[in-house]
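> Have a look at the structure that comes next, please.
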Amino acid sequence: MLNIVLFGAPGAGKGTQAAILAGEHDLVHLSTGDILRKEIASGTELGKQAQGFIDKGEFVPDRVVIDIIRSQIEQHPDAKGFIFDGFPRTTAQAETLDRLMTEKGMQIASMVALDVETGELVKRLLKRGASSGRADDRSLDVIRNRIDVYHRKTEPIIGYYHTQKKYHPIDGTGDIADISDRLRRHVKGL
Ligand code: ADP
C-alpha cells in the first residue's frame, strides 16, 4: 500500500499533482476541499456548515474533516493506497490520521511538501479565481487570510512529519510536468 500526504500552501499545486500521481499509481485521491465543495454544491447540511468557513478562508472544524476522511477511507477498503490532498491541515488532524491509519493496519509512507513562495501563490490563486469561479480565490483578502492561516496552523505539521522522518520538500515551481517528475522520482524510491 502506498499512502502519501501531499502538502503545501493554498495554490501550491496539490490538487494538480495529486491527480497525476493518483492516476499513475491507481491510488484514491482524497481532497477535503473538493469533497466540501461538492457538499456545498449539493446543498447538504454539511455543505451549509462548511460554506461560512470556506468563504472567509478559515478552516472547517477538525471533527468535520476528520469524519469525512474516516468515512472515505472506510468506503475504499480495497484501495491500493490514498493520496491526501489538503488534509491534514492541523496537528490534531495529523495525529488523528496516524491513529486512523494504525487502526486499519496502514501507515503514511511520506509527506511531500510542494514549496512555492508567497508572491507566486497569490498570483496563481488570483488566476484560478478568474477562471474557476471559486469564490475563495477571487478575493485578495480571503487569499491573504488563507495563506496566513496556513503559516499559523498548517506549517507546524512539518515538524510533526520531520520527527517521523517522513517530511520531503520538493520545488513546486516551474512546469507542471517538471514538478511531476520530481514527485515521481521521490515516490519511486519509497
Ligand atoms: P486551497 O489548498 O487552495 O486552500 P482546498 O480546496 O484544499 O484549497 O481548500 C479549500 C477550503 O476548504 C479551505 O480554505 C478550508 O476552508 C476548507 N478545508 C479544506 N480542507 C480542510 C481541512 N483539512 N481542514 C479544515 N478546513 C479545510
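Naming scheme: A, B, ... for chains in displayed order of the C-alpha cells; residues 1 onward per chain; ligands 1 onward as shown.
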With ligand 1 as the partner and 8 Å as the cut-off, tabulate the residues of chain A that qualify, each row holding the nearest pair of atoms and their distance in Å to one decimal, using only C-alpha atoms and all ligand atoms, sorted by chain and rising number, as JSON lines.


```
{"residue": "A:Gly8", "atom": "CA", "partner": "ligand 1", "partner_atom_place_in_ligand_line": "2 (O)", "distance": 7.5}
{"residue": "A:Ala9", "atom": "CA", "partner": "ligand 1", "partner_atom_place_in_ligand_line": "2 (O)", "distance": 6.1}
{"residue": "A:Pro10", "atom": "CA", "partner": "ligand 1", "partner_atom_place_in_ligand_line": "2 (O)", "distance": 3.7}
{"residue": "A:Gly11", "atom": "CA", "partner": "ligand 1", "partner_atom_place_in_ligand_line": "3 (O)", "distance": 4.9}
{"residue": "A:Ala12", "atom": "CA", "partner": "ligand 1", "partner_atom_place_in_ligand_line": "2 (O)", "distance": 7.3}
{"residue": "A:Gly13", "atom": "CA", "partner": "ligand 1", "partner_atom_place_in_ligand_line": "2 (O)", "distance": 8.0}
{"residue": "A:Lys14", "atom": "CA", "partner": "ligand 1", "partner_atom_place_in_ligand_line": "2 (O)", "distance": 7.1}
{"residue": "A:Gly15", "atom": "CA", "partner": "ligand 1", "partner_atom_place_in_ligand_line": "7 (O)", "distance": 7.6}
{"residue": "A:Ser31", "atom": "CA", "partner": "ligand 1", "partner_atom_place_in_ligand_line": "7 (O)", "distance": 6.6}
{"residue": "A:Thr32", "atom": "CA", "partner": "ligand 1", "partner_atom_place_in_ligand_line": "20 (N)", "distance": 4.4}
{"residue": "A:Gly33", "atom": "CA", "partner": "ligand 1", "partner_atom_place_in_ligand_line": "6 (O)", "distance": 3.3}
{"residue": "A:Asp34", "atom": "CA", "partner": "ligand 1", "partner_atom_place_in_ligand_line": "6 (O)", "distance": 5.5}
{"residue": "A:Leu36", "atom": "CA", "partner": "ligand 1", "partner_atom_place_in_ligand_line": "12 (O)", "distance": 6.5}
{"residue": "A:Arg37", "atom": "CA", "partner": "ligand 1", "partner_atom_place_in_ligand_line": "12 (O)", "distance": 7.6}
{"residue": "A:Ala50", "atom": "CA", "partner": "ligand 1", "partner_atom_place_in_ligand_line": "16 (O)", "distance": 7.4}
{"residue": "A:Gln51", "atom": "CA", "partner": "ligand 1", "partner_atom_place_in_ligand_line": "16 (O)", "distance": 7.9}
{"residue": "A:Phe53", "atom": "CA", "partner": "ligand 1", "partner_atom_place_in_ligand_line": "16 (O)", "distance": 5.4}
{"residue": "A:Ile54", "atom": "CA", "partner": "ligand 1", "partner_atom_place_in_ligand_line": "16 (O)", "distance": 3.6}
{"residue": "A:Asp55", "atom": "CA", "partner": "ligand 1", "partner_atom_place_in_ligand_line": "16 (O)", "distance": 7.2}
{"residue": "A:Lys56", "atom": "CA", "partner": "ligand 1", "partner_atom_place_in_ligand_line": "16 (O)", "distance": 7.5}
{"residue": "A:Gly57", "atom": "CA", "partner": "ligand 1", "partner_atom_place_in_ligand_line": "14 (O)", "distance": 4.7}
{"residue": "A:Glu58", "atom": "CA", "partner": "ligand 1", "partner_atom_place_in_ligand_line": "16 (O)", "distance": 4.9}
{"residue": "A:Phe59", "atom": "CA", "partner": "ligand 1", "partner_atom_place_in_ligand_line": "26 (N)", "distance": 3.7}
{"residue": "A:Val60", "atom": "CA", "partner": "ligand 1", "partner_atom_place_in_ligand_line": "26 (N)", "distance": 3.9}
{"residue": "A:Pro61", "atom": "CA", "partner": "ligand 1", "partner_atom_place_in_ligand_line": "25 (C)", "distance": 5.9}
{"residue": "A:Asp62", "atom": "CA", "partner": "ligand 1", "partner_atom_place_in_ligand_line": "24 (N)", "distance": 5.9}
{"residue": "A:Val65", "atom": "CA", "partner": "ligand 1", "partner_atom_place_in_ligand_line": "23 (N)", "distance": 5.7}
{"residue": "A:Ile66", "atom": "CA", "partner": "ligand 1", "partner_atom_place_in_ligand_line": "23 (N)", "distance": 7.7}
{"residue": "A:Asp85", "atom": "CA", "partner": "ligand 1", "partner_atom_place_in_ligand_line": "7 (O)", "distance": 6.7}
{"residue": "A:Gly86", "atom": "CA", "partner": "ligand 1", "partner_atom_place_in_ligand_line": "7 (O)", "distance": 4.3}
{"residue": "A:Phe87", "atom": "CA", "partner": "ligand 1", "partner_atom_place_in_ligand_line": "23 (N)", "distance": 4.0}
{"residue": "A:Pro88", "atom": "CA", "partner": "ligand 1", "partner_atom_place_in_ligand_line": "23 (N)", "distance": 5.0}
{"residue": "A:Arg89", "atom": "CA", "partner": "ligand 1", "partner_atom_place_in_ligand_line": "23 (N)", "distance": 4.7}
{"residue": "A:Thr90", "atom": "CA", "partner": "ligand 1", "partner_atom_place_in_ligand_line": "24 (N)", "distance": 7.0}
{"residue": "A:Gln93", "atom": "CA", "partner": "ligand 1", "partner_atom_place_in_ligand_line": "23 (N)", "distance": 7.2}
{"residue": "A:Leu125", "atom": "CA", "partner": "ligand 1", "partner_atom_place_in_ligand_line": "3 (O)", "distance": 7.3}
{"residue": "A:Asp136", "atom": "CA", "partner": "ligand 1", "partner_atom_place_in_ligand_line": "14 (O)", "distance": 7.3}
{"residue": "A:Asp137", "atom": "CA", "partner": "ligand 1", "partner_atom_place_in_ligand_line": "3 (O)", "distance": 7.7}
{"residue": "A:Arg146", "atom": "CA", "partner": "ligand 1", "partner_atom_place_in_ligand_line": "14 (O)", "distance": 6.0}
```

> Could you please take those selected residues and save N, CA, C and O atoms as a short mmCIF file (atom, residue, chain, number, x, y, z; two decimals), in the first residue's frame?


```
data_model
loop_
_atom_site.label_atom_id
_atom_site.label_comp_id
_atom_site.auth_asym_id
_atom_site.auth_seq_id
_atom_site.Cartn_x
_atom_site.Cartn_y
_atom_site.Cartn_z
N GLY A 8 1.21 21.49 1.17
CA GLY A 8 1.64 22.76 0.59
C GLY A 8 0.62 23.85 0.89
O GLY A 8 -0.52 23.57 1.27
N ALA A 9 1.03 25.07 0.67
CA ALA A 9 0.15 26.22 0.91
C ALA A 9 -0.97 26.24 -0.12
O ALA A 9 -0.89 25.55 -1.15
N PRO A 10 -2.02 27.04 0.11
CA PRO A 10 -3.04 27.22 -0.93
C PRO A 10 -2.38 27.69 -2.21
O PRO A 10 -1.55 28.61 -2.18
N GLY A 11 -2.70 27.04 -3.31
CA GLY A 11 -2.12 27.44 -4.59
C GLY A 11 -0.78 26.77 -4.91
O GLY A 11 -0.19 27.02 -5.95
N ALA A 12 -0.32 25.88 -4.04
CA ALA A 12 0.97 25.22 -4.27
C ALA A 12 0.91 24.17 -5.37
O ALA A 12 1.94 23.72 -5.87
N GLY A 13 -0.31 23.75 -5.72
CA GLY A 13 -0.46 22.78 -6.81
C GLY A 13 -0.73 21.37 -6.33
O GLY A 13 -0.56 20.40 -7.07
N LYS A 14 -1.23 21.25 -5.09
CA LYS A 14 -1.50 19.92 -4.52
C LYS A 14 -2.52 19.15 -5.35
O LYS A 14 -2.31 17.98 -5.66
N GLY A 15 -3.61 19.81 -5.70
CA GLY A 15 -4.69 19.13 -6.43
C GLY A 15 -4.22 18.60 -7.77
O GLY A 15 -4.51 17.45 -8.14
N SER A 31 -9.34 14.74 -1.63
CA SER A 31 -9.17 16.17 -1.41
C SER A 31 -10.32 16.67 -0.55
O SER A 31 -11.48 16.65 -0.98
N THR A 32 -10.01 17.09 0.67
CA THR A 32 -11.09 17.57 1.55
C THR A 32 -11.74 18.81 0.96
O THR A 32 -12.96 18.97 1.05
N GLY A 33 -10.95 19.67 0.29
CA GLY A 33 -11.53 20.86 -0.34
C GLY A 33 -12.55 20.48 -1.41
O GLY A 33 -13.66 21.03 -1.45
N ASP A 34 -12.19 19.52 -2.27
CA ASP A 34 -13.12 19.08 -3.33
C ASP A 34 -14.38 18.47 -2.72
O ASP A 34 -15.49 18.73 -3.19
N LEU A 36 -15.69 19.04 0.22
CA LEU A 36 -16.51 20.08 0.84
C LEU A 36 -17.24 20.90 -0.21
O LEU A 36 -18.42 21.25 -0.05
N ARG A 37 -16.54 21.21 -1.33
CA ARG A 37 -17.21 21.98 -2.40
C ARG A 37 -18.36 21.20 -3.02
O ARG A 37 -19.38 21.77 -3.36
N ALA A 50 -20.12 24.14 6.27
CA ALA A 50 -18.75 24.41 5.82
C ALA A 50 -18.62 25.75 5.09
O ALA A 50 -17.58 26.41 5.17
N GLN A 51 -19.67 26.14 4.40
CA GLN A 51 -19.56 27.29 3.48
C GLN A 51 -19.06 28.57 4.15
O GLN A 51 -18.19 29.25 3.60
N PHE A 53 -17.17 29.02 6.69
CA PHE A 53 -15.73 28.96 6.98
C PHE A 53 -14.92 29.15 5.69
O PHE A 53 -13.96 29.91 5.65
N ILE A 54 -15.31 28.41 4.66
CA ILE A 54 -14.55 28.44 3.41
C ILE A 54 -14.57 29.84 2.80
O ILE A 54 -13.54 30.34 2.34
N ASP A 55 -15.74 30.47 2.81
CA ASP A 55 -15.86 31.80 2.21
C ASP A 55 -14.95 32.82 2.89
O ASP A 55 -14.50 33.78 2.27
N LYS A 56 -14.68 32.62 4.17
CA LYS A 56 -13.82 33.55 4.91
C LYS A 56 -12.34 33.16 4.83
O LYS A 56 -11.48 33.88 5.30
N GLY A 57 -12.08 31.96 4.30
CA GLY A 57 -10.70 31.47 4.25
C GLY A 57 -10.26 30.88 5.57
O GLY A 57 -9.07 30.76 5.85
N GLU A 58 -11.25 30.49 6.39
CA GLU A 58 -10.94 29.84 7.68
C GLU A 58 -11.06 28.33 7.51
O GLU A 58 -11.63 27.85 6.53
N PHE A 59 -10.56 27.58 8.48
CA PHE A 59 -10.68 26.14 8.43
C PHE A 59 -12.06 25.68 8.86
O PHE A 59 -12.64 26.24 9.79
N VAL A 60 -12.53 24.65 8.21
CA VAL A 60 -13.71 23.93 8.66
C VAL A 60 -13.25 23.18 9.92
O VAL A 60 -12.09 22.76 10.00
N PRO A 61 -14.14 23.02 10.93
CA PRO A 61 -13.69 22.39 12.19
C PRO A 61 -13.08 21.00 11.96
O PRO A 61 -13.53 20.25 11.10
N ASP A 62 -12.07 20.69 12.77
CA ASP A 62 -11.36 19.41 12.66
C ASP A 62 -12.30 18.21 12.62
O ASP A 62 -12.15 17.33 11.79
N VAL A 65 -13.86 17.57 9.08
CA VAL A 65 -12.97 17.00 8.05
C VAL A 65 -12.46 15.61 8.45
O VAL A 65 -12.29 14.74 7.61
N ILE A 66 -12.28 15.40 9.74
CA ILE A 66 -11.83 14.07 10.20
C ILE A 66 -12.92 13.03 9.90
O ILE A 66 -12.63 11.93 9.43
N ASP A 85 -4.87 15.14 0.03
CA ASP A 85 -4.62 16.46 -0.57
C ASP A 85 -5.43 17.50 0.20
O ASP A 85 -6.66 17.48 0.18
N GLY A 86 -4.73 18.35 0.93
CA GLY A 86 -5.43 19.36 1.75
C GLY A 86 -5.81 18.83 3.12
O GLY A 86 -6.56 19.46 3.85
N PHE A 87 -5.31 17.69 3.46
CA PHE A 87 -5.53 17.05 4.76
C PHE A 87 -4.29 16.23 5.07
O PHE A 87 -3.84 15.50 4.17
N PRO A 88 -3.72 16.28 6.26
CA PRO A 88 -4.10 17.11 7.41
C PRO A 88 -3.64 18.56 7.27
O PRO A 88 -2.65 18.85 6.60
N ARG A 89 -4.38 19.44 7.92
CA ARG A 89 -4.06 20.86 7.91
C ARG A 89 -3.81 21.41 9.30
O ARG A 89 -3.49 22.60 9.45
N THR A 90 -3.99 20.58 10.31
CA THR A 90 -3.68 20.98 11.69
C THR A 90 -2.98 19.79 12.34
O THR A 90 -3.10 18.66 11.86
N GLN A 93 -5.33 17.09 13.20
CA GLN A 93 -5.70 16.26 12.04
C GLN A 93 -4.59 15.25 11.73
O GLN A 93 -4.85 14.10 11.39
N LEU A 125 -3.39 31.90 -7.34
CA LEU A 125 -4.75 31.82 -6.81
C LEU A 125 -5.66 32.83 -7.49
O LEU A 125 -6.81 32.53 -7.83
N ASP A 136 -13.46 31.70 -3.04
CA ASP A 136 -12.35 31.93 -2.11
C ASP A 136 -11.05 32.27 -2.84
O ASP A 136 -10.05 32.60 -2.21
N ASP A 137 -11.05 32.18 -4.18
CA ASP A 137 -9.87 32.57 -4.95
C ASP A 137 -10.05 33.94 -5.59
O ASP A 137 -9.18 34.43 -6.30
N ARG A 146 -6.06 32.95 3.97
CA ARG A 146 -5.76 31.52 3.85
C ARG A 146 -4.25 31.26 3.99
O ARG A 146 -3.84 30.29 4.63
#
```

> Here is a test: counting only C-alpha atoms, which residue of A:Ile176, A:Ile143, A:Val28, A:Val64 is nearest to A:Gly119?

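Closest residue, counting only C-alpha atoms: A:Ile143.
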
> Would you please work out which residue, of A:Ala135, A:Val5, A:Ile179, A:Thr102, is nearest to A:Gly52 when using only C-alpha atoms?

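Of all the options, A:Ala135 lies closest to A:Gly52.
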
> Assign secondary structure with DSSP using the backbone only, and return the residues of stretch 29-165 of chain A in strand (DSSP E) as a PyMOL selection string.

chain A and resi 29-31+82-85+110-115

> Store the residues picked out above in a file with all heavy atoms, as an mmCIF file, in the first residue's frame.


```cif
data_model
loop_
_atom_site.group_PDB
_atom_site.id
_atom_site.type_symbol
_atom_site.label_atom_id
_atom_site.label_comp_id
_atom_site.auth_asym_id
_atom_site.auth_seq_id
_atom_site.Cartn_x
_atom_site.Cartn_y
_atom_site.Cartn_z
ATOM 1 N N HIS A 29 -7.574 9.433 -4.601
ATOM 2 C CA HIS A 29 -7.224 10.832 -4.334
ATOM 3 C C HIS A 29 -8.298 11.443 -3.434
ATOM 4 O O HIS A 29 -9.442 11.577 -3.848
ATOM 5 C CB HIS A 29 -7.140 11.563 -5.693
ATOM 6 C CG HIS A 29 -6.943 13.048 -5.585
ATOM 7 N ND1 HIS A 29 -7.128 13.896 -6.652
ATOM 8 C CD2 HIS A 29 -6.575 13.850 -4.557
ATOM 9 C CE1 HIS A 29 -6.880 15.145 -6.286
ATOM 10 N NE2 HIS A 29 -6.546 15.141 -5.021
ATOM 11 N N LEU A 30 -7.916 11.796 -2.221
ATOM 12 C CA LEU A 30 -8.882 12.391 -1.293
ATOM 13 C C LEU A 30 -8.544 13.853 -1.046
ATOM 14 O O LEU A 30 -7.564 14.169 -0.368
ATOM 15 C CB LEU A 30 -8.873 11.644 0.051
ATOM 16 C CG LEU A 30 -9.346 10.189 0.037
ATOM 17 C CD1 LEU A 30 -9.319 9.621 1.456
ATOM 18 C CD2 LEU A 30 -10.750 10.074 -0.549
ATOM 19 N N SER A 31 -9.344 14.736 -1.630
ATOM 20 C CA SER A 31 -9.174 16.171 -1.415
ATOM 21 C C SER A 31 -10.323 16.666 -0.552
ATOM 22 O O SER A 31 -11.479 16.647 -0.983
ATOM 23 C CB SER A 31 -9.176 16.913 -2.757
ATOM 24 O OG SER A 31 -9.528 18.274 -2.569
ATOM 25 N N PHE A 82 -3.801 5.752 -0.691
ATOM 26 C CA PHE A 82 -4.516 7.036 -0.704
ATOM 27 C C PHE A 82 -3.537 8.184 -0.883
ATOM 28 O O PHE A 82 -2.412 8.137 -0.370
ATOM 29 C CB PHE A 82 -5.245 7.243 0.624
ATOM 30 C CG PHE A 82 -6.362 6.263 0.878
ATOM 31 C CD1 PHE A 82 -6.119 5.094 1.586
ATOM 32 C CD2 PHE A 82 -7.647 6.504 0.407
ATOM 33 C CE1 PHE A 82 -7.132 4.171 1.823
ATOM 34 C CE2 PHE A 82 -8.682 5.602 0.644
ATOM 35 C CZ PHE A 82 -8.431 4.430 1.356
ATOM 36 N N ILE A 83 -3.989 9.210 -1.597
ATOM 37 C CA ILE A 83 -3.241 10.472 -1.599
ATOM 38 C C ILE A 83 -4.106 11.483 -0.872
ATOM 39 O O ILE A 83 -5.245 11.751 -1.284
ATOM 40 C CB ILE A 83 -2.974 10.980 -3.022
ATOM 41 C CG1 ILE A 83 -2.151 9.956 -3.774
ATOM 42 C CG2 ILE A 83 -2.233 12.326 -2.976
ATOM 43 C CD1 ILE A 83 -1.589 10.476 -5.053
ATOM 44 N N PHE A 84 -3.583 12.009 0.199
ATOM 45 C CA PHE A 84 -4.311 13.003 0.980
ATOM 46 C C PHE A 84 -3.901 14.390 0.509
ATOM 47 O O PHE A 84 -2.725 14.756 0.574
ATOM 48 C CB PHE A 84 -4.021 12.810 2.474
ATOM 49 C CG PHE A 84 -4.476 11.470 2.974
ATOM 50 C CD1 PHE A 84 -3.598 10.404 3.042
ATOM 51 C CD2 PHE A 84 -5.797 11.268 3.348
ATOM 52 C CE1 PHE A 84 -4.014 9.154 3.482
ATOM 53 C CE2 PHE A 84 -6.234 10.027 3.789
ATOM 54 C CZ PHE A 84 -5.341 8.966 3.859
ATOM 55 N N ASP A 85 -4.874 15.140 0.028
ATOM 56 C CA ASP A 85 -4.623 16.460 -0.572
ATOM 57 C C ASP A 85 -5.431 17.497 0.204
ATOM 58 O O ASP A 85 -6.658 17.480 0.185
ATOM 59 C CB ASP A 85 -5.035 16.356 -2.063
ATOM 60 C CG ASP A 85 -5.385 17.678 -2.723
ATOM 61 O OD1 ASP A 85 -5.141 18.747 -2.137
ATOM 62 O OD2 ASP A 85 -5.914 17.631 -3.849
ATOM 63 N N SER A 110 5.014 8.870 3.171
ATOM 64 C CA SER A 110 5.766 10.112 3.022
ATOM 65 C C SER A 110 4.833 11.316 3.012
ATOM 66 O O SER A 110 3.685 11.223 2.580
ATOM 67 C CB SER A 110 6.534 10.073 1.693
ATOM 68 O OG SER A 110 7.311 11.242 1.535
ATOM 69 N N MET A 111 5.359 12.427 3.522
ATOM 70 C CA MET A 111 4.649 13.691 3.419
ATOM 71 C C MET A 111 5.468 14.551 2.461
ATOM 72 O O MET A 111 6.595 14.946 2.773
ATOM 73 C CB MET A 111 4.548 14.330 4.805
ATOM 74 C CG MET A 111 3.749 15.595 4.814
ATOM 75 S SD MET A 111 4.778 17.047 4.637
ATOM 76 C CE MET A 111 4.133 18.047 5.953
ATOM 77 N N VAL A 112 4.930 14.767 1.271
ATOM 78 C CA VAL A 112 5.668 15.514 0.265
ATOM 79 C C VAL A 112 5.127 16.942 0.239
ATOM 80 O O VAL A 112 3.923 17.162 0.029
ATOM 81 C CB VAL A 112 5.502 14.888 -1.144
ATOM 82 C CG1 VAL A 112 6.425 15.579 -2.124
ATOM 83 C CG2 VAL A 112 5.770 13.398 -1.102
ATOM 84 N N ALA A 113 6.016 17.894 0.472
ATOM 85 C CA ALA A 113 5.601 19.302 0.517
ATOM 86 C C ALA A 113 6.022 20.004 -0.771
ATOM 87 O O ALA A 113 7.179 19.924 -1.177
ATOM 88 C CB ALA A 113 6.248 19.976 1.714
ATOM 89 N N LEU A 114 5.076 20.672 -1.399
ATOM 90 C CA LEU A 114 5.373 21.454 -2.599
ATOM 91 C C LEU A 114 5.735 22.868 -2.158
ATOM 92 O O LEU A 114 4.899 23.595 -1.615
ATOM 93 C CB LEU A 114 4.146 21.497 -3.519
ATOM 94 C CG LEU A 114 3.696 20.149 -4.107
ATOM 95 C CD1 LEU A 114 2.330 20.295 -4.788
ATOM 96 C CD2 LEU A 114 4.729 19.645 -5.101
ATOM 97 N N ASP A 115 6.987 23.232 -2.366
ATOM 98 C CA ASP A 115 7.466 24.552 -1.933
ATOM 99 C C ASP A 115 7.258 25.598 -3.021
ATOM 100 O O ASP A 115 7.774 25.456 -4.134
ATOM 101 C CB ASP A 115 8.974 24.484 -1.628
ATOM 102 C CG ASP A 115 9.247 23.881 -0.268
ATOM 103 O OD1 ASP A 115 8.294 23.792 0.533
ATOM 104 O OD2 ASP A 115 10.405 23.512 -0.006
#
```

> What does the structure give for the distance between atom CA of A:Asp148 and atom CA of A:Thr118, in Å to one decimal?

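Between atom CA of A:Asp148 and atom CA of A:Thr118 the gap works out to 10.2 Å.
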
> Which is closer to A:Leu46 than all the others in A:Val149, A:Ile170, A:Leu6, A:Ile68, using only C-alpha atoms?

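Nearest candidate to A:Leu46 out of A:Val149, A:Ile170, A:Leu6, A:Ile68: A:Ile68.
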
> Using only C-alpha atoms, which of A:Tyr150, A:Leu126, A:Ala109, A:Leu21 sits nearest A:Arg138?

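Smallest separation from A:Arg138 among the options: A:Leu126.
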